[in-house]
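K.L.:
Data file model-v7.txt (compact mmCIF, C-alpha atoms and all ligand atoms) is appended below.
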# COMPACT_ATOMS: atom_id res chain seq x y z
CA MET P 1153 14.24 -1.31 -0.66
CA VAL P 1154 12.83 2.09 0.26
CA SER P 1155 9.45 3.52 1.25
CA GLY P 1156 8.04 6.16 3.56
CA SER P 1157 5.07 7.76 5.33
CA ASP P 1158 2.95 9.87 3.00
CA GLU P 1159 2.30 12.84 5.31
CA HIS P 1160 0.74 15.69 3.37
CA GLY P 1161 -2.67 16.43 1.91
CA ALA P 1162 -6.10 17.71 2.93
CA PRO P 1163 -7.12 14.63 5.02
CA ILE P 1164 -4.19 15.22 7.40
CA GLU P 1165 -4.94 18.92 7.78
CA VAL P 1166 -8.69 18.29 8.33
CA GLU P 1167 -7.98 15.59 10.93
CA ALA P 1168 -5.45 17.78 12.77
CA ILE P 1169 -7.91 20.72 12.91
CA LYS P 1170 -10.62 18.40 14.28
CA ARG P 1171 -8.24 17.13 17.00
CA LYS P 1172 -6.98 20.65 17.77
CA ILE P 1173 -3.35 19.66 17.13
CA THR P 1174 -0.93 20.63 14.38
CA PRO P 1175 -0.60 18.44 11.25
CA ARG P 1176 3.02 17.85 12.25
CA GLN P 1177 1.99 16.48 15.66
CA LEU P 1178 -0.51 14.18 13.94
CA THR P 1179 1.97 12.87 11.37
CA ASN P 1180 4.59 12.34 14.08
CA GLN P 1181 2.11 10.08 15.86
CA TYR P 1182 1.36 8.11 12.71
CA HIS P 1183 4.98 7.82 11.65
CA ARG P 1184 5.78 6.26 15.03
CA VAL P 1185 2.90 3.76 14.58
CA PHE P 1186 4.02 2.88 11.05
CA THR P 1187 7.68 2.34 11.93
CA ARG P 1188 6.70 0.22 14.93
CA SER P 1189 4.29 -1.89 12.85
CA ILE P 1190 6.86 -2.41 10.10
CA LYS P 1191 9.29 -3.71 12.71
CA GLN P 1192 6.66 -5.95 14.32
CA PHE P 1193 5.83 -7.47 10.93
CA ASN P 1194 9.55 -8.21 10.31
CA ILE P 1195 9.69 -5.99 7.23
CA GLN P 1196 13.11 -4.57 6.49
CA PHE P 1197 13.69 -1.40 4.49
CA ASP P 1198 17.07 0.08 3.63
CA ASN P 1199 15.40 3.42 4.28
CA TYR P 1200 11.89 4.02 5.58
CA THR P 1201 11.48 7.78 5.53
CA ARG P 1202 8.69 10.39 5.47
CA THR P 1203 7.57 13.08 3.06
CA GLU P 1204 8.21 15.72 5.74
CA SER P 1205 11.92 14.85 5.47
CA PRO P 1206 14.00 17.94 4.53
CA VAL P 1207 15.74 15.85 1.81
CA HIS P 1208 12.36 15.08 0.19
CA LYS P 1209 11.06 18.66 0.43
CA LYS P 1210 14.22 20.13 -1.09
CA PHE P 1211 14.26 17.51 -3.86
CA VAL P 1212 10.59 18.11 -4.78
CA GLN P 1213 11.06 21.88 -5.00
CA GLU P 1214 14.18 21.58 -7.16
CA PHE P 1215 12.46 18.98 -9.35
CA TYR P 1216 9.45 21.22 -10.06
CA ARG P 1217 11.65 24.27 -10.71
CA THR P 1218 13.32 22.16 -13.43
CA LEU P 1219 9.94 21.12 -14.91
CA ASP P 1220 8.83 24.76 -14.91
CA LYS P 1221 12.05 25.80 -16.65
CA ASN P 1222 11.55 22.99 -19.21
CA GLY P 1223 8.07 24.33 -20.09
CA TYR P 1224 5.91 21.59 -18.55
CA VAL P 1225 4.13 23.75 -15.94
CA PHE P 1226 1.36 26.27 -16.66
CA LYS P 1227 -1.00 28.42 -14.61
CA GLN P 1228 -4.78 28.49 -14.96
CA ASN P 1229 -7.64 29.88 -12.83
CA ILE P 1230 -10.17 27.38 -11.50
CA ILE P 1231 -13.43 27.63 -9.53
CA LEU P 1232 -13.29 26.27 -5.99
CA PRO P 1233 -15.64 26.25 -2.97
CA TYR P 1234 -14.63 28.98 -0.48
CA CYS P 1235 -15.74 29.24 3.17
CA GLU P 1236 -16.33 32.87 4.17
CA ASN P 1237 -16.29 31.99 7.89
CA ASP P 1238 -12.96 30.16 7.81
CA LYS P 1239 -11.62 32.52 5.12
CA ARG P 1240 -10.18 29.65 3.10
CA PHE P 1241 -10.65 27.66 -0.08
CA LEU P 1242 -12.01 24.16 0.45
CA PRO P 1243 -10.02 21.69 -1.64
CA ASP P 1244 -10.51 17.91 -1.60
CA ARG P 1245 -11.77 16.73 1.79
CA PHE P 1246 -12.40 20.18 3.23
CA VAL P 1247 -15.77 20.00 1.53
CA GLU P 1248 -18.47 17.32 1.60
CA GLY P 1249 -21.90 16.98 0.07
CA GLU P 1250 -24.09 14.74 -2.04
CA CYS P 1251 -22.49 12.60 -4.78
CA PRO P 1252 -23.75 13.83 -8.18
CA TYR P 1253 -23.70 10.21 -9.48
CA CYS P 1254 -25.07 7.92 -6.74
CA HIS P 1255 -26.46 10.63 -4.36
CA TYR P 1256 -24.56 9.19 -1.39
CA ILE P 1257 -24.11 11.57 1.58
CA PRO P 1258 -21.46 12.45 2.67
CA ALA P 1259 -19.41 12.26 -0.53
CA ARG P 1260 -16.05 14.00 -0.18
CA GLY P 1261 -14.67 16.72 -2.42
CA ASP P 1262 -12.17 14.39 -4.07
CA GLN P 1263 -14.01 11.06 -4.06
CA CYS P 1264 -17.27 9.30 -3.31
CA ASP P 1265 -16.70 6.37 -0.96
CA ASN P 1266 -19.93 4.73 -2.06
CA CYS P 1267 -19.51 4.54 -5.84
CA GLY P 1268 -15.73 5.10 -5.85
CA ARG P 1269 -15.83 7.91 -8.45
CA VAL P 1270 -13.19 10.62 -8.38
CA LEU P 1271 -14.95 13.98 -7.86
CA ASP P 1272 -14.23 17.66 -8.31
CA PRO P 1273 -15.23 19.72 -5.23
CA LYS P 1274 -17.40 22.04 -7.35
CA ASP P 1275 -19.48 19.06 -8.63
CA LEU P 1276 -20.87 18.13 -5.19
CA LEU P 1277 -24.59 18.71 -4.65
CA ASN P 1278 -25.47 20.73 -1.51
CA PRO P 1279 -21.81 21.18 -0.50
CA TYR P 1280 -20.82 22.18 3.04
CA CYS P 1281 -17.56 23.10 4.78
CA VAL P 1282 -16.38 20.19 6.98
CA LEU P 1283 -15.09 22.61 9.62
CA ASP P 1284 -18.23 24.63 10.37
CA HIS P 1285 -20.92 23.01 8.12
CA SER P 1286 -21.66 26.35 6.43
CA THR P 1287 -22.49 26.53 2.72
CA PRO P 1288 -19.46 27.68 0.71
CA ILE P 1289 -19.49 30.20 -2.12
CA MET P 1290 -17.76 29.48 -5.44
CA LYS P 1291 -14.66 31.59 -6.04
CA GLU P 1292 -11.84 31.73 -8.57
CA SER P 1293 -8.37 30.60 -7.52
CA ALA P 1294 -5.09 30.37 -9.43
CA SER P 1295 -3.79 26.86 -9.92
CA TRP P 1296 -0.72 25.34 -11.55
CA PHE P 1297 -0.81 22.28 -13.83
CA PHE P 1298 1.61 19.67 -15.17
CA ASP P 1299 1.33 19.50 -18.97
CA LEU P 1300 1.04 15.71 -19.22
CA PRO P 1301 -0.52 15.70 -22.76
CA LYS P 1302 2.81 16.99 -24.12
CA LEU P 1303 4.34 13.61 -23.22
CA SER P 1304 1.66 11.37 -24.79
CA ASP P 1305 3.85 9.99 -27.59
CA GLN P 1306 6.84 9.30 -25.34
CA LEU P 1307 4.65 7.60 -22.74
CA LYS P 1308 2.91 5.48 -25.39
CA LYS P 1309 6.31 4.30 -26.63
CA TYR P 1310 7.43 3.55 -23.05
CA VAL P 1311 4.33 1.46 -22.29
CA GLU P 1312 4.33 -0.39 -25.62
CA GLU P 1313 8.04 -1.19 -25.51
CA ASN P 1314 8.30 -2.21 -21.85
CA PRO P 1315 7.94 -6.03 -21.76
CA ASN P 1316 7.88 -6.14 -17.96
CA LEU P 1317 4.59 -4.35 -17.43
CA PRO P 1318 1.82 -6.76 -16.44
CA GLU P 1319 -1.23 -7.01 -18.71
CA ASN P 1320 -3.50 -4.96 -16.44
CA ALA P 1321 -1.00 -2.07 -16.29
CA ARG P 1322 -0.32 -2.11 -20.04
CA ASN P 1323 -3.97 -2.30 -21.11
CA PHE P 1324 -5.15 0.32 -18.65
CA SER P 1325 -2.37 2.76 -19.53
CA LEU P 1326 -2.76 2.42 -23.28
CA SER P 1327 -6.50 3.01 -23.04
CA TRP P 1328 -5.81 6.10 -20.87
CA ILE P 1329 -3.41 7.46 -23.50
CA ARG P 1330 -5.84 6.60 -26.34
CA ASP P 1331 -8.63 8.54 -24.58
CA GLY P 1332 -6.33 11.60 -24.39
CA LEU P 1333 -4.19 12.54 -21.39
CA LYS P 1334 -5.28 15.57 -19.37
CA PRO P 1335 -3.12 18.16 -17.57
CA ARG P 1336 -2.65 17.17 -13.90
CA SER P 1337 -3.31 19.61 -11.10
CA LEU P 1338 -0.05 20.47 -9.32
CA THR P 1339 -1.04 22.84 -6.51
CA ARG P 1340 -3.48 23.11 -3.64
CA ASP P 1341 -4.72 26.01 -1.48
CA LEU P 1342 -3.42 24.32 1.67
CA ALA P 1343 -0.95 25.48 4.29
CA TRP P 1344 0.24 21.93 5.10
CA GLY P 1345 2.53 20.53 2.44
CA ILE P 1346 5.58 21.41 0.37
CA PRO P 1347 5.50 25.09 -0.72
CA ALA P 1348 5.02 25.36 -4.50
CA PRO P 1349 8.19 26.84 -6.05
CA PHE P 1350 6.40 28.67 -8.90
CA GLU P 1351 6.30 32.44 -9.34
CA GLY P 1352 3.08 33.83 -7.82
CA ALA P 1353 2.28 30.58 -5.95
CA GLN P 1354 3.53 31.68 -2.53
CA ASP P 1355 0.31 30.64 -0.73
CA LYS P 1356 0.06 27.24 -2.44
CA THR P 1357 1.52 23.81 -1.73
CA ILE P 1358 2.28 20.95 -4.13
CA TYR P 1359 -0.65 18.53 -4.49
CA VAL P 1360 0.21 15.49 -2.36
CA TRP P 1361 -0.20 12.94 -5.18
CA MET P 1362 2.30 14.88 -7.30
CA GLU P 1363 5.04 14.94 -4.66
CA ALA P 1364 4.70 11.69 -2.68
CA VAL P 1365 5.56 9.68 -5.81
CA LEU P 1366 8.90 11.54 -6.05
CA GLY P 1367 9.71 10.03 -2.66
CA TYR P 1368 11.02 6.95 -4.46
CA ILE P 1369 13.98 9.05 -5.57
CA SER P 1370 14.37 11.25 -2.49
CA ALA P 1371 14.29 8.17 -0.20
CA VAL P 1372 17.30 6.76 -2.09
CA LYS P 1373 19.03 10.16 -1.90
CA GLU P 1374 18.44 10.25 1.84
CA TRP P 1375 19.73 6.66 2.18
CA ALA P 1376 22.91 7.64 0.29
CA GLU P 1377 23.40 10.71 2.50
CA LYS P 1378 22.95 8.65 5.66
CA ASN P 1379 25.62 6.26 4.35
CA LYS P 1380 28.01 9.17 3.73
CA LYS P 1381 28.05 8.43 -0.02
CA PRO P 1382 25.78 11.23 -1.26
CA SER P 1383 26.17 10.52 -4.97
CA GLN P 1384 25.40 6.80 -4.65
CA TRP P 1385 21.69 7.41 -5.34
CA LYS P 1386 22.63 8.05 -8.99
CA LYS P 1387 23.61 4.41 -9.39
CA TYR P 1388 19.96 3.44 -8.84
CA TRP P 1389 18.20 6.24 -10.71
CA LEU P 1390 20.56 7.45 -13.44
CA ASP P 1391 22.62 4.38 -14.39
CA PRO P 1392 20.79 2.73 -17.34
CA ALA P 1393 21.93 -0.70 -16.10
CA SER P 1394 19.88 -0.25 -12.92
CA ARG P 1395 16.29 -1.53 -12.60
CA ASN P 1396 13.61 -0.08 -10.36
CA ILE P 1397 10.60 -2.18 -9.46
CA HIS P 1398 7.36 -0.85 -7.96
CA PHE P 1399 4.83 -2.87 -5.96
CA ILE P 1400 1.34 -1.38 -6.12
CA GLY P 1401 -2.38 -2.11 -6.30
CA LYS P 1402 -4.14 -1.59 -9.63
CA ASP P 1403 -5.75 1.68 -8.48
CA ASN P 1404 -2.25 3.20 -8.54
CA ILE P 1405 -1.47 2.22 -12.15
CA PRO P 1406 -2.09 5.74 -13.59
CA PHE P 1407 0.38 7.30 -11.17
CA HIS P 1408 3.15 4.71 -11.62
CA VAL P 1409 2.87 3.96 -15.33
CA ILE P 1410 1.79 7.38 -16.66
CA VAL P 1411 2.22 10.30 -14.23
CA PHE P 1412 5.51 9.30 -12.55
CA PRO P 1413 7.28 8.31 -15.82
CA GLY P 1414 5.85 11.53 -17.34
CA LEU P 1415 7.44 13.61 -14.56
CA LEU P 1416 10.77 11.81 -15.01
CA LEU P 1417 10.74 12.37 -18.78
CA ALA P 1418 9.81 16.06 -18.37
CA SER P 1419 12.83 16.63 -16.12
CA HIS P 1420 15.24 15.82 -19.02
CA GLU P 1421 17.62 14.44 -16.35
CA GLY P 1422 17.80 10.91 -17.76
CA TYR P 1423 16.09 9.12 -14.87
CA ASN P 1424 15.41 5.41 -15.26
CA LEU P 1425 11.70 4.86 -15.84
CA PRO P 1426 9.94 2.12 -13.83
CA TRP P 1427 11.32 -1.14 -15.21
CA GLU P 1428 8.61 -3.27 -13.70
CA VAL P 1429 5.37 -2.24 -12.03
CA ALA P 1430 4.01 -5.25 -10.16
CA SER P 1431 0.39 -4.12 -10.07
CA THR P 1432 -1.90 -6.55 -8.32
CA GLU P 1433 -5.64 -6.86 -8.58
CA TYR P 1434 -7.72 -6.17 -5.44
CA ILE P 1435 -8.00 -8.22 -2.29
CA GLN P 1436 -11.40 -7.98 -0.65
CA PHE P 1437 -12.38 -8.41 2.97
CA GLU P 1438 -15.18 -10.95 3.46
CA GLY P 1439 -16.52 -10.09 -0.01
CA GLN P 1440 -16.43 -6.31 0.51
CA ARG P 1441 -14.02 -3.61 -0.53
CA PHE P 1442 -11.66 -2.49 2.28
CA SER P 1443 -12.74 0.94 3.48
CA LYS P 1444 -11.12 3.13 6.12
CA SER P 1445 -14.11 5.44 6.35
CA GLN P 1446 -16.66 2.59 6.55
CA LYS P 1447 -14.45 0.58 8.95
CA ILE P 1448 -14.33 -2.51 6.73
CA GLY P 1449 -11.14 -4.52 7.27
CA VAL P 1450 -8.58 -5.29 9.96
CA TRP P 1451 -6.29 -2.52 11.15
CA ILE P 1452 -2.59 -3.22 11.28
CA ASP P 1453 -2.30 -2.87 15.06
CA GLU P 1454 -5.40 -5.04 15.58
CA ALA P 1455 -4.02 -7.72 13.28
CA LEU P 1456 -1.11 -8.34 15.63
CA GLU P 1457 -3.40 -8.48 18.64
CA LEU P 1458 -5.31 -11.27 16.89
CA GLU P 1459 -2.55 -13.43 15.41
CA ASP P 1460 1.20 -13.71 15.04
CA ALA P 1461 2.97 -11.61 12.37
CA GLU P 1462 4.30 -14.72 10.59
CA TYR P 1463 0.73 -16.01 10.11
CA TRP P 1464 -0.30 -12.72 8.51
CA ARG P 1465 2.79 -12.63 6.31
CA TYR P 1466 2.10 -16.12 4.99
CA ALA P 1467 -1.66 -15.66 4.54
CA ILE P 1468 -1.38 -12.30 2.77
CA ILE P 1469 1.42 -13.30 0.40
CA SER P 1470 -0.39 -16.52 -0.53
CA LEU P 1471 -3.58 -14.52 -1.19
CA ARG P 1472 -1.70 -11.96 -3.32
CA PRO P 1473 -4.14 -11.18 -6.16
CA GLU P 1474 -1.78 -11.55 -9.13
CA GLN P 1475 -4.26 -12.55 -11.83
CA ARG P 1476 -7.67 -11.70 -10.43
CA ASP P 1477 -9.29 -10.23 -7.32
CA THR P 1478 -9.03 -12.47 -4.24
CA ASN P 1479 -11.07 -12.51 -1.08
CA PHE P 1480 -9.84 -12.59 2.53
CA THR P 1481 -12.14 -14.54 4.83
CA TRP P 1482 -11.45 -15.68 8.38
CA GLU P 1483 -12.23 -19.28 7.33
CA GLU P 1484 -9.64 -19.12 4.54
CA PHE P 1485 -7.10 -17.49 6.88
CA GLU P 1486 -7.63 -20.33 9.34
CA ARG P 1487 -7.30 -22.98 6.61
CA LYS P 1488 -4.13 -21.43 5.24
CA ILE P 1489 -2.46 -21.34 8.64
CA ASN P 1490 -3.63 -24.70 10.00
CA THR P 1491 -3.51 -26.78 6.82
CA GLU P 1492 -0.95 -25.12 4.55
CA LEU P 1493 1.54 -23.39 6.82
CA ASN P 1494 1.53 -25.60 9.91
CA ASP P 1495 0.60 -29.01 8.48
CA VAL P 1496 2.27 -28.98 5.08
CA VAL P 1497 5.12 -26.44 5.20
CA GLY P 1498 5.78 -26.68 8.95
CA ASN P 1499 5.92 -30.45 9.02
CA PHE P 1500 7.98 -30.69 5.87
CA ILE P 1501 10.60 -28.47 7.52
CA HIS P 1502 10.27 -30.11 10.94
CA ARG P 1503 10.61 -33.64 9.57
CA THR P 1504 13.54 -32.63 7.40
CA ILE P 1505 15.36 -31.14 10.38
CA THR P 1506 14.53 -33.87 12.90
CA ARG P 1507 15.29 -36.76 10.53
CA ARG P 1508 18.57 -35.37 9.24
CA PRO P 1509 20.88 -36.77 11.95
CA ARG P 1510 19.22 -40.20 11.70
CA THR P 1511 19.62 -40.19 7.92
CA SER P 1512 23.28 -39.23 8.24
CA SER P 1513 23.96 -42.08 10.64
CA THR P 1514 22.04 -44.45 8.36
CA ILE P 1515 24.23 -43.41 5.46
CA SER P 1516 27.39 -43.99 7.45
CA LYS P 1517 26.10 -47.32 8.70
CA ARG P 1518 25.22 -48.41 5.21
CA ARG P 1519 28.84 -48.55 4.39
CA GLN P 1520 28.47 -51.89 6.21
CA PRO P 1521 25.83 -54.42 5.05
CA LEU P 1522 22.57 -54.10 7.08
CA SER P 1523 21.96 -56.78 9.68
CA GLU P 1524 18.69 -58.77 9.68
CA ARG P 1525 17.46 -56.71 12.68
CA GLU P 1526 18.31 -53.35 11.00
CA ARG P 1527 16.46 -54.35 7.81
CA THR P 1528 13.39 -55.29 9.87
CA MET P 1529 13.49 -52.01 11.84
CA ALA P 1530 13.86 -49.95 8.64
CA LEU P 1531 10.80 -51.67 7.14
CA LEU P 1532 8.77 -51.06 10.30
CA GLN P 1533 9.74 -47.37 10.34
CA ASP P 1534 8.67 -46.91 6.73
CA ARG P 1535 5.38 -48.78 7.01
CA PRO P 1536 3.13 -46.06 8.52
CA ARG P 1537 4.11 -43.56 5.82
CA ARG P 1538 3.38 -46.04 3.06
CA SER P 1539 -0.01 -46.99 4.41
CA ARG P 1540 -1.19 -43.44 5.24
CA THR P 1541 -4.18 -42.45 3.16
CA ASP P 1542 -5.14 -39.10 4.67
CA SER P 1543 -2.98 -36.04 5.27
CA ARG P 1544 -2.50 -36.85 8.97
CA CYS P 1545 0.02 -39.36 10.23
CA SER P 1546 -1.54 -42.30 12.12
CA CYS P 1547 1.71 -43.40 13.73
CA PRO P 1548 1.63 -42.59 17.50
CA ASP P 1549 5.31 -41.65 17.73
CA ARG P 1550 4.98 -39.25 14.76
CA ARG P 1551 1.73 -37.60 15.85
CA ASN P 1552 3.47 -34.76 17.63
CA ASP P 1553 5.21 -33.82 14.38
CA TRP P 1554 1.91 -32.52 13.07
CA ASN P 1555 1.54 -30.14 15.93
CA THR P 1556 4.90 -28.44 15.97
CA ALA P 1557 3.36 -25.01 15.43
CA PRO P 1558 0.23 -23.88 17.25
CA THR P 1559 -2.92 -24.05 15.14
CA ILE P 1560 -5.73 -21.52 15.27
CA PRO P 1561 -8.60 -23.14 17.17
CA SER P 1562 -11.61 -23.37 14.88
CA ASN P 1563 -13.84 -21.80 17.55
CA ASN P 1564 -11.67 -18.70 17.57
CA ARG P 1565 -13.63 -17.29 14.63
CA ASN P 1566 -17.33 -16.86 14.60
CA THR P 1567 -19.33 -16.92 11.40
CA ASN P 1568 -22.73 -17.35 13.00
CA PRO P 1569 -24.06 -14.02 14.26
CA SER P 1570 -26.46 -15.78 16.66
CA GLN P 1571 -23.52 -17.30 18.59
CA PRO P 1572 -21.57 -15.20 21.11
CA LEU P 1573 -18.28 -13.95 19.70
CA PRO P 1574 -15.06 -15.36 21.11
CA ARG P 1575 -13.05 -12.89 23.17
CA LYS P 1576 -10.67 -11.64 20.45
CA GLU P 1577 -13.43 -11.35 17.86
CA ALA P 1578 -15.68 -9.45 20.26
CA LYS P 1579 -12.82 -7.06 20.95
CA LEU P 1580 -12.28 -6.47 17.23
CA ALA P 1581 -15.98 -5.91 16.58
CA THR P 1582 -16.16 -3.40 19.43
CA ARG P 1583 -13.14 -1.50 18.17
CA ARG P 1584 -14.53 -1.48 14.64
CA GLY P 1585 -17.62 0.28 15.96
CA HIS P 1586 -15.58 3.14 17.37
CA GLN P 1587 -14.37 6.12 15.39
CA ARG P 1588 -11.02 5.22 13.86
CA GLU P 1589 -8.43 7.68 12.71
CA THR P 1590 -8.58 8.28 8.98
CA TRP P 1591 -5.38 8.25 7.04
CA CYS P 1592 -4.47 8.66 3.42
ZN ZN P 1601 -15.90 26.74 7.03
ZN ZN P 1602 -21.14 8.27 -5.52
Could you render the structure as structure tokens?

P.N.:
Amino acid sequence: MVSGSDEHGAPIEVEAIKRKITPRQLTNQYHRVFTRSIKQFNIQFDNYTRTESPVHKKFVQEFYRTLDKNGYVFKQNIILPYCENDKRFLPDRFVEGECPYCHYIPARGDQCDNCGRVLDPKDLLNPYCVLDHSTPIMKESASWFFDLPKLSDQLKKYVEENPNLPENARNFSLSWIRDGLKPRSLTRDLAWGIPAPFEGAQDKTIYVWMEAVLGYISAVKEWAEKNKKPSQWKKYWLDPASRNIHFIGKDNIPFHVIVFPGLLLASHEGYNLPWEVASTEYIQFEGQRFSKSQKIGVWIDEALELEDAEYWRYAIISLRPEQRDTNFTWEEFERKINTELNDVVGNFIHRTITRRPRTSSTISKRRQPLSERERTMALLQDRPRRSRTDSRCSCPDRRNDWNTAPTIPSNNRNTNPSQPLPRKEAKLATRRGHQRETWC
């Protein structure tokens, strides 16, 4: 299993400028946090890498040279906001303004956080540069595109003939293809990123969404190199008997079922296309959509300050929204841990382990006929379990079995705003109120 830190893009560069550090210093900080959190949550990767890895950068550049050679890349001029003070184009999050659809301020150049629509920087009403708040001018800039429409028929065949795609991924992708695929922007006027390898694109970098997805391959290449078997990556990506499975949320369906397979097909290298894309529905937080910018949710480092990693692992996997959106609430989290994990699963395992030696000795004893006393004792031992009507054992000598793992005290969560918050909750609320780092 491989994954990595997605380290490029306008949000990183904007954040680094605001903090007066380099993007590399910022991503180093985050990469350390991510690797530490992954370890704390007991998640094991064969290779957890980063998109600043030299292996990834080299692979991406070679990959796009091949696509260019194969005739899937073209150049076109586009209109972009340009800041005359900073002497730079303002792609994506370098520009903010009013959303042309819901009139929310500040909507960002690439997306409105309020209505969720994907935006083009030039569509913003009353745009301003995020660095100095001046009004940008509109200026022409050369841009390179991936000719996705050329692959419509092949992609339609792939989606229709792949029995492992879940319904949501298949339906969404087929409707996308039916509506007509559009060329995908490949470059950005940003200094931070992987330099675009196209002729005349010396001052451009590859758009983050179009290179991070190639990390699935480069991470396996890096893993193979680390293991001193550099060609072993081919077994996973070029051997038709191999299967690659992707775990994503439904917002990433277009990139994993259309764009990524499209890139692989355009390379003519014979890569295995995603065999299964396990695309879940959304999980909400207390009835609201998680939002980094609006501070809705629990941050990964805060989660561990509140409860043990194993509690989170169980609660999140059991809430996995496979068929429909699910909702995380503190009450449900508490119920899952106290009732499901500790009472049901915990006690099942605990009783199995603690009763095993006794059962073994009973079996060996039963080679001999039971005495009158043994029969009476066996009946007495079984009686409480037979007569129990609720989920809790009433037998005094068994009561401790139900408390083998610590439960979350019910007063640890506060749902009534008029009551003072318990210590941990108050801490979380305070931290939520502070400016958090944004990350994409
Ligand atoms: Zn500016
Ligand atoms: Zn909006």

K.L.:
Could you give me the residues within 8 Å of ligand ZN 1601 (chain P), counting all atoms listed in the file, as a VMD selection string?

P.N.:
chain P and resid 1234 to 1240 1280 to 1288

K.L.:
Return as a list of chain:residue names the residues of protein, DNA or RNA that approach ligand ZN 1602 (chain P) to within 8 Å, with all atoms listed in the file taken into account.

P.N.:
P:Glu1250, P:Cys1251, P:Pro1252, P:Tyr1253, P:Cys1254, P:His1255, P:Tyr1256, P:Ala1259, P:Gln1263, P:Cys1264, P:Asp1265, P:Asn1266, P:Cys1267, P:Gly1268, P:Arg1269

K.L.:
Give me the residues within 8 Å of segment 1204-1217 of chain P as a PyMOL selection string, counting only C-alpha atoms and dropping any in the same chain fewer than 6 places off.

P.N.:
chain P and resi 1159-1160+1346-1350+1363+1366-1367+1370-1371+1373-1374+1419

K.L.:
How far is it from atom CA of Pro1233 of chain P to atom CA of Ile1289 of chain P, in Å with one decimal?

P.N.:
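Between these atoms lies a distance of 5.6 Å.
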
K.L.:
Residues within 12 Å of Trp1296 of chain P, please, as a ChimeraX atom specification. Count only C-alpha atoms; anything in the same chain fewer than 2 positions from it doesn't count.

P.N.:
/P:1216,1219-1220,1224-1230,1293-1294,1298-1299,1335-1341,1348-1354,1356-1359,1362

K.L.:
As an exercise, work out the distance from atom CA of Glu1165 of chain P to atom CA of Val1450 of chain P in Å and give it to one decimal place.

P.N.:
24.6 Å

K.L.:
Which residue, P:His1502, P:Lys1274, P:Gln1177, P:Trp1464, has the smallest gap to Glu1486 of chain P when you use only C-alpha atoms?

P.N.:
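Among the listed residues, P:Trp1464 lies closest to Glu1486 of chain P.
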
K.L.:
Quick check, in Å to one decimal: how far apart do atom CA of Leu1458 of chain P and atom CA of Arg1184 of chain P lie?

P.N.:
20.8 Å

K.L.:
Restricting the calculation to only C-alpha atoms: of P:Pro1406, P:Gly1161, P:Pro1392, P:Gly1401, which residue gets closest to Leu1333 of chain P?

P.N.:
P:Pro1406

K.L.:
Give me the segment 1181-1262 of chain P side of the contact with segment 1168-1174 of chain P, cut-off 12 Å, one line per residue showing its nearest atom pair and distance in Å at one decimal, counting all atoms listed in the file, sorted by chain and residue number, as a tab-separated table.

P.N.:
residue	atom	partner	partner_atom	distance
P:Gln1181	CA	P:Thr1174	CA	11.1
P:Tyr1182	CA	P:Ala1168	CA	11.8
P:Asp1238	CA	P:Ile1169	CA	11.9
P:Phe1246	CA	P:Ile1169	CA	10.7

K.L.:
Keeping only C-alpha atoms, write the selected residues to a file as a PDB file, in the coordinates of the input.

P.N.:
ATOM      1  CA  GLN P1181       2.110  10.080  15.860  1.00  0.00           C
ATOM      2  CA  TYR P1182       1.360   8.110  12.710  1.00  0.00           C
ATOM      3  CA  ASP P1238     -12.960  30.160   7.810  1.00  0.00           C
ATOM      4  CA  PHE P1246     -12.400  20.180   3.230  1.00  0.00           C
TER       5      PHE P1246
END

K.L.:
Might you pull out every residue within 10 Å of Ile1435 of chain P, with all atoms listed in the file counted and same-chain residues fewer than 3 positions away left off, and present them as a ChimeraX atom specification?

P.N.:
/P:1401,1432,1438-1442,1468,1471-1474,1476-1480

K.L.:
Could you check which of P:Lys1334, P:Lys1402, P:Lys1387, P:Arg1260 is closest to Glu1319 of chain P, using only C-alpha atoms?

P.N.:
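The answer is P:Lys1402, which sits nearest to Glu1319 of chain P.
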
K.L.:
Kindly complete segment 1218-1224 of chain P to N, CA and C atoms; the output should be written as a compact mmCIF listing (two decimals), in the frame of the given file.

P.N.:
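Done, and the output landed in result05.txt:
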# COMPACT_ATOMS: atom_id res chain seq x y z
N THR P 1218 12.78 22.67 -12.15
CA THR P 1218 13.32 22.16 -13.43
C THR P 1218 12.18 21.96 -14.44
N LEU P 1219 11.07 21.36 -13.99
CA LEU P 1219 9.94 21.12 -14.91
C LEU P 1219 9.36 22.44 -15.42
N ASP P 1220 9.33 23.43 -14.54
CA ASP P 1220 8.83 24.76 -14.91
C ASP P 1220 9.74 25.37 -15.98
N LYS P 1221 11.03 25.27 -15.71
CA LYS P 1221 12.05 25.80 -16.65
C LYS P 1221 11.95 25.09 -18.01
N ASN P 1222 11.63 23.77 -17.98
CA ASN P 1222 11.55 22.99 -19.21
C ASN P 1222 10.22 23.18 -19.97
N GLY P 1223 9.33 24.01 -19.39
CA GLY P 1223 8.07 24.33 -20.09
C GLY P 1223 6.95 23.32 -19.90
N TYR P 1224 6.97 22.58 -18.79
CA TYR P 1224 5.91 21.59 -18.55
C TYR P 1224 4.92 22.02 -17.46
